[in-house]
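Structure data (mmCIF, C-alpha atoms) from my_file25.cif:
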data_target
loop_
_atom_site.group_PDB
_atom_site.id
_atom_site.type_symbol
_atom_site.label_atom_id
_atom_site.label_comp_id
_atom_site.auth_asym_id
_atom_site.auth_seq_id
_atom_site.Cartn_x
_atom_site.Cartn_y
_atom_site.Cartn_z
ATOM 1 C CA MET G 1 13.352 21.941 -8.470
ATOM 2 C CA THR G 2 10.027 23.641 -9.126
ATOM 3 C CA VAL G 3 7.160 23.844 -6.651
ATOM 4 C CA CYS G 4 5.170 21.491 -8.893
ATOM 5 C CA GLU G 5 7.984 18.913 -8.808
ATOM 6 C CA ILE G 6 8.225 19.176 -5.024
ATOM 7 C CA VAL G 7 4.472 18.639 -4.625
ATOM 8 C CA THR G 8 4.639 15.646 -6.983
ATOM 9 C CA ASP G 9 7.515 14.140 -4.998
ATOM 10 C CA VAL G 10 5.628 14.566 -1.716
ATOM 11 C CA THR G 11 2.517 12.983 -3.243
ATOM 12 C CA ASN G 12 4.521 10.006 -4.518
ATOM 13 C CA ILE G 13 6.159 9.512 -1.123
ATOM 14 C CA GLU G 14 2.779 9.585 0.614
ATOM 15 C CA ARG G 15 1.366 6.997 -1.813
ATOM 16 C CA GLN G 16 4.371 4.748 -1.134
ATOM 17 C CA LYS G 17 3.666 5.079 2.589
ATOM 18 C CA LEU G 18 -0.001 4.251 2.001
ATOM 19 C CA ALA G 19 1.031 1.055 0.194
ATOM 20 C CA GLY G 20 3.149 0.183 3.226
ATOM 21 C CA GLN G 21 0.199 0.811 5.536
ATOM 22 C CA ILE G 22 -1.957 -1.517 3.426
ATOM 23 C CA VAL G 23 0.597 -4.287 3.825
ATOM 24 C CA ARG G 24 0.935 -3.558 7.561
ATOM 25 C CA GLY G 25 -2.863 -3.722 7.936
ATOM 26 C CA ALA G 26 -3.088 -7.005 6.018
ATOM 27 C CA ILE G 27 -0.372 -8.554 8.202
ATOM 28 C CA ALA G 28 -2.172 -7.465 11.370
ATOM 29 C CA TYR G 29 -5.591 -8.559 10.073
ATOM 30 C CA GLN G 30 -4.242 -12.039 9.388
ATOM 31 C CA GLY G 31 -2.637 -12.233 12.829
ATOM 32 C CA LYS G 32 0.829 -12.738 11.392
ATOM 33 C CA THR G 33 4.107 -11.341 12.584
ATOM 34 C CA GLN G 34 6.295 -9.406 10.191
ATOM 35 C CA GLN G 35 8.717 -12.324 10.175
ATOM 36 C CA GLN G 36 5.933 -14.767 9.254
ATOM 37 C CA ALA G 37 4.782 -12.492 6.427
ATOM 38 C CA ALA G 38 8.347 -12.108 5.157
ATOM 39 C CA ASP G 39 8.835 -15.861 5.239
ATOM 40 C CA LEU G 40 5.583 -16.444 3.319
ATOM 41 C CA ALA G 41 6.719 -13.936 0.692
ATOM 42 C CA HIS G 42 10.212 -15.501 0.522
ATOM 43 C CA MET G 43 11.932 -12.250 1.400
ATOM 44 C CA ALA G 44 14.137 -10.939 4.153
ATOM 45 C CA LYS G 45 12.397 -9.180 7.023
ATOM 46 C CA SER G 46 14.469 -6.094 6.162
ATOM 47 C CA THR G 47 12.948 -6.068 2.654
ATOM 48 C CA LEU G 48 9.475 -6.263 4.164
ATOM 49 C CA GLY G 49 10.487 -3.405 6.446
ATOM 50 C CA ARG G 50 11.348 -1.297 3.401
ATOM 51 C CA ILE G 51 7.912 -2.042 1.925
ATOM 52 C CA LEU G 52 6.220 -1.100 5.205
ATOM 53 C CA ASP G 53 8.223 2.140 5.366
ATOM 54 C CA GLY G 54 7.242 3.090 1.820
ATOM 55 C CA ASP G 55 10.747 2.895 0.386
ATOM 56 C CA PRO G 56 10.464 3.716 -3.346
ATOM 57 C CA ARG G 57 13.488 1.537 -4.173
ATOM 58 C CA VAL G 58 11.562 -1.695 -3.522
ATOM 59 C CA GLU G 59 11.507 -3.858 -6.638
ATOM 60 C CA PRO G 60 8.095 -4.561 -8.226
ATOM 61 C CA LEU G 61 8.771 -8.308 -7.887
ATOM 62 C CA LYS G 62 8.954 -7.869 -4.108
ATOM 63 C CA LEU G 63 5.594 -6.085 -4.148
ATOM 64 C CA ARG G 64 4.128 -9.032 -6.109
ATOM 65 C CA SER G 65 5.605 -11.448 -3.566
ATOM 66 C CA ILE G 66 4.002 -9.763 -0.563
ATOM 67 C CA GLU G 67 0.693 -9.320 -2.401
ATOM 68 C CA GLY G 68 0.629 -13.039 -3.135
ATOM 69 C CA ALA G 69 1.649 -14.029 0.375
ATOM 70 C CA LEU G 70 -1.073 -11.886 1.940
ATOM 71 C CA GLY G 71 -3.787 -12.576 -0.637
ATOM 72 C CA LEU G 72 -3.890 -8.993 -1.890
ATOM 73 C CA THR G 73 -5.058 -8.282 -5.439
ATOM 74 C CA TYR G 74 -2.320 -8.600 -8.047
ATOM 75 C CA GLU G 75 -0.661 -5.195 -8.640
ATOM 76 C CA LEU G 76 -2.864 -3.497 -6.009
ATOM 77 C CA LEU G 77 0.192 -1.854 -4.471
ATOM 78 C CA ASP G 78 1.255 -0.518 -7.876
ATOM 79 C CA MET G 79 -2.240 0.920 -8.352
ATOM 80 C CA VAL G 80 -1.956 2.658 -4.983
ATOM 81 C CA ILE G 81 1.553 3.958 -5.654
ATOM 82 C CA ALA G 82 0.436 5.299 -9.052
ATOM 83 C CA GLY G 83 -2.698 6.850 -7.541
ATOM 84 C CA ASP G 84 -4.777 4.849 -10.041
ATOM 85 C CA THR G 85 -8.174 5.333 -8.412
ATOM 86 C CA ALA G 86 -9.984 4.349 -11.629
ATOM 87 C CA SER G 87 -8.487 0.841 -11.593
ATOM 88 C CA ILE G 88 -9.041 0.459 -7.846
ATOM 89 C CA THR G 89 -12.666 1.581 -8.216
ATOM 90 C CA GLN G 90 -13.214 -1.066 -10.905
ATOM 91 C CA LEU G 91 -12.025 -3.914 -8.661
ATOM 92 C CA GLY G 92 -14.945 -6.171 -7.806
ATOM 93 C CA GLU G 93 -15.969 -7.894 -4.588
ATOM 94 C CA THR G 94 -14.006 -10.993 -5.552
ATOM 95 C CA ASP G 95 -10.875 -8.885 -6.088
ATOM 96 C CA ILE G 96 -10.791 -6.792 -2.913
ATOM 97 C CA GLU G 97 -12.674 -6.542 0.383
ATOM 98 C CA ALA G 98 -15.089 -3.586 0.265
ATOM 99 C CA GLY G 99 -13.776 -1.967 3.464
ATOM 100 C CA LEU G 100 -10.188 -2.106 2.253
ATOM 101 C CA LYS G 101 -11.201 -0.610 -1.087
ATOM 102 C CA ARG G 102 -12.989 2.284 0.669
ATOM 103 C CA ALA G 103 -10.003 2.876 2.963
ATOM 104 C CA ILE G 104 -7.576 2.941 0.030
ATOM 105 C CA LEU G 105 -9.715 5.349 -1.968
ATOM 106 C CA LYS G 106 -10.121 7.562 1.097
ATOM 107 C CA GLY G 107 -6.365 7.544 1.689
ATOM 108 C CA LEU G 108 -5.616 8.428 -1.926
ATOM 109 C CA ALA G 109 -8.176 11.248 -1.831
ATOM 110 C CA GLN G 110 -6.552 12.664 1.307
ATOM 111 C CA ILE G 111 -3.142 12.550 -0.356
ATOM 112 C CA GLU G 112 -4.413 14.244 -3.515
ATOM 113 C CA ASN G 113 -6.060 16.928 -1.381
ATOM 114 C CA GLY G 114 -2.762 17.769 0.288
ATOM 115 C CA GLY G 115 -3.122 15.712 3.460
ATOM 116 C CA GLN G 116 0.256 14.952 5.047
ATOM 117 C CA THR G 117 -0.823 11.685 6.671
ATOM 118 C CA PRO G 118 -2.455 9.222 4.275
ATOM 119 C CA MET G 119 -4.678 7.658 6.940
ATOM 120 C CA GLY G 120 -4.648 6.425 10.491
ATOM 121 C CA SER G 121 -3.590 2.804 11.013
ATOM 122 C CA ASN G 122 -7.122 1.950 12.202
ATOM 123 C CA ASP G 123 -8.540 2.991 8.834
ATOM 124 C CA LEU G 124 -6.861 -0.012 7.221
ATOM 125 C CA ALA G 125 -8.485 -2.623 9.427
ATOM 126 C CA LEU G 126 -10.198 -5.126 7.161
#

Would you write out, as structure tokens, the structure that this file holds?
Amino acid sequence: MTVCEIVTDVTNIERQKLAGQIVRGAIAYQGKTQQQAADLAHMAKSTLGRILDGDPRVEPLKLRSIEGALGLTYELLDMVIAGDTASITQLGETDIEAGLKRAILKGLAQIENGGQTPMGSNDLAL
């Protein structure tokens, strides 16, 4: 494995973790428990746990389910995982809360600049 491949893998892992932090923040903001969020998304709590942990093996359908259950923009988590700042930047006020958008873009910038920790949990408060 080359150094470039290792850096890419680390970046992808950090983006997965950031997506998990977004979901964790949305659950907390809405005053739900993880079990309540899992039930709303029609998934096992263990599946939600894998999303929260940034497990890359989570199926895209499961990401759609939790986005819908929590009122997150459709495919927002995919945009985060892909590091698609252009698409996130283009989301309007009706698509995403301004503070969440800023926090996501800040987290992605930190990851791209080599930061090990995407962002503190308080940065995702809506």

Exercise for the section: Report the distance between atom CA of G:Ile13 and atom CA of G:Ile88 in Å, rounded to one decimal place. Expected result: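 Atom-to-atom, atom CA of G:Ile13 to atom CA of G:Ile88, that is 18.9 Å.
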
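For the residues G:Gly114, G:Gly25, G:Pro56, G:Gly31, ranking by smallest atom-to-atom distance to G:Leu72 using only C-alpha atoms places G:Gly25 first.
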
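For the atom pair formed by atom CA of G:Thr11 and atom CA of G:Asp84, the distance is 12.9 Å, given to one decimal.
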
Exercise for the section: Could you pull out every residue with an atom within 9 Å of (7.6, 0.7, 0.3), file coordinates, counting only C-alpha atoms, and send them as a list in words? Expected result: Gln16, Lys17, Leu18, Ala19, Gly20, Thr47, Leu48, Gly49, Arg50, Ile51, Leu52, Asp53, Gly54, Asp55, Pro56, Arg57, Val58 and Leu63 of chain G

Problem - From G:Leu40, G:Val80, G:Leu61, G:Ala28, residue lying nearest G:Asn12 [all atoms listed in the file] - result: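 So, comparing all the options, the nearest one is G:Val80.
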
Problem - Length of the atom CA of G:Glu97 to atom CA of G:Tyr29 vector [Å] - result: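 These two atoms are separated by 12.2 Å.
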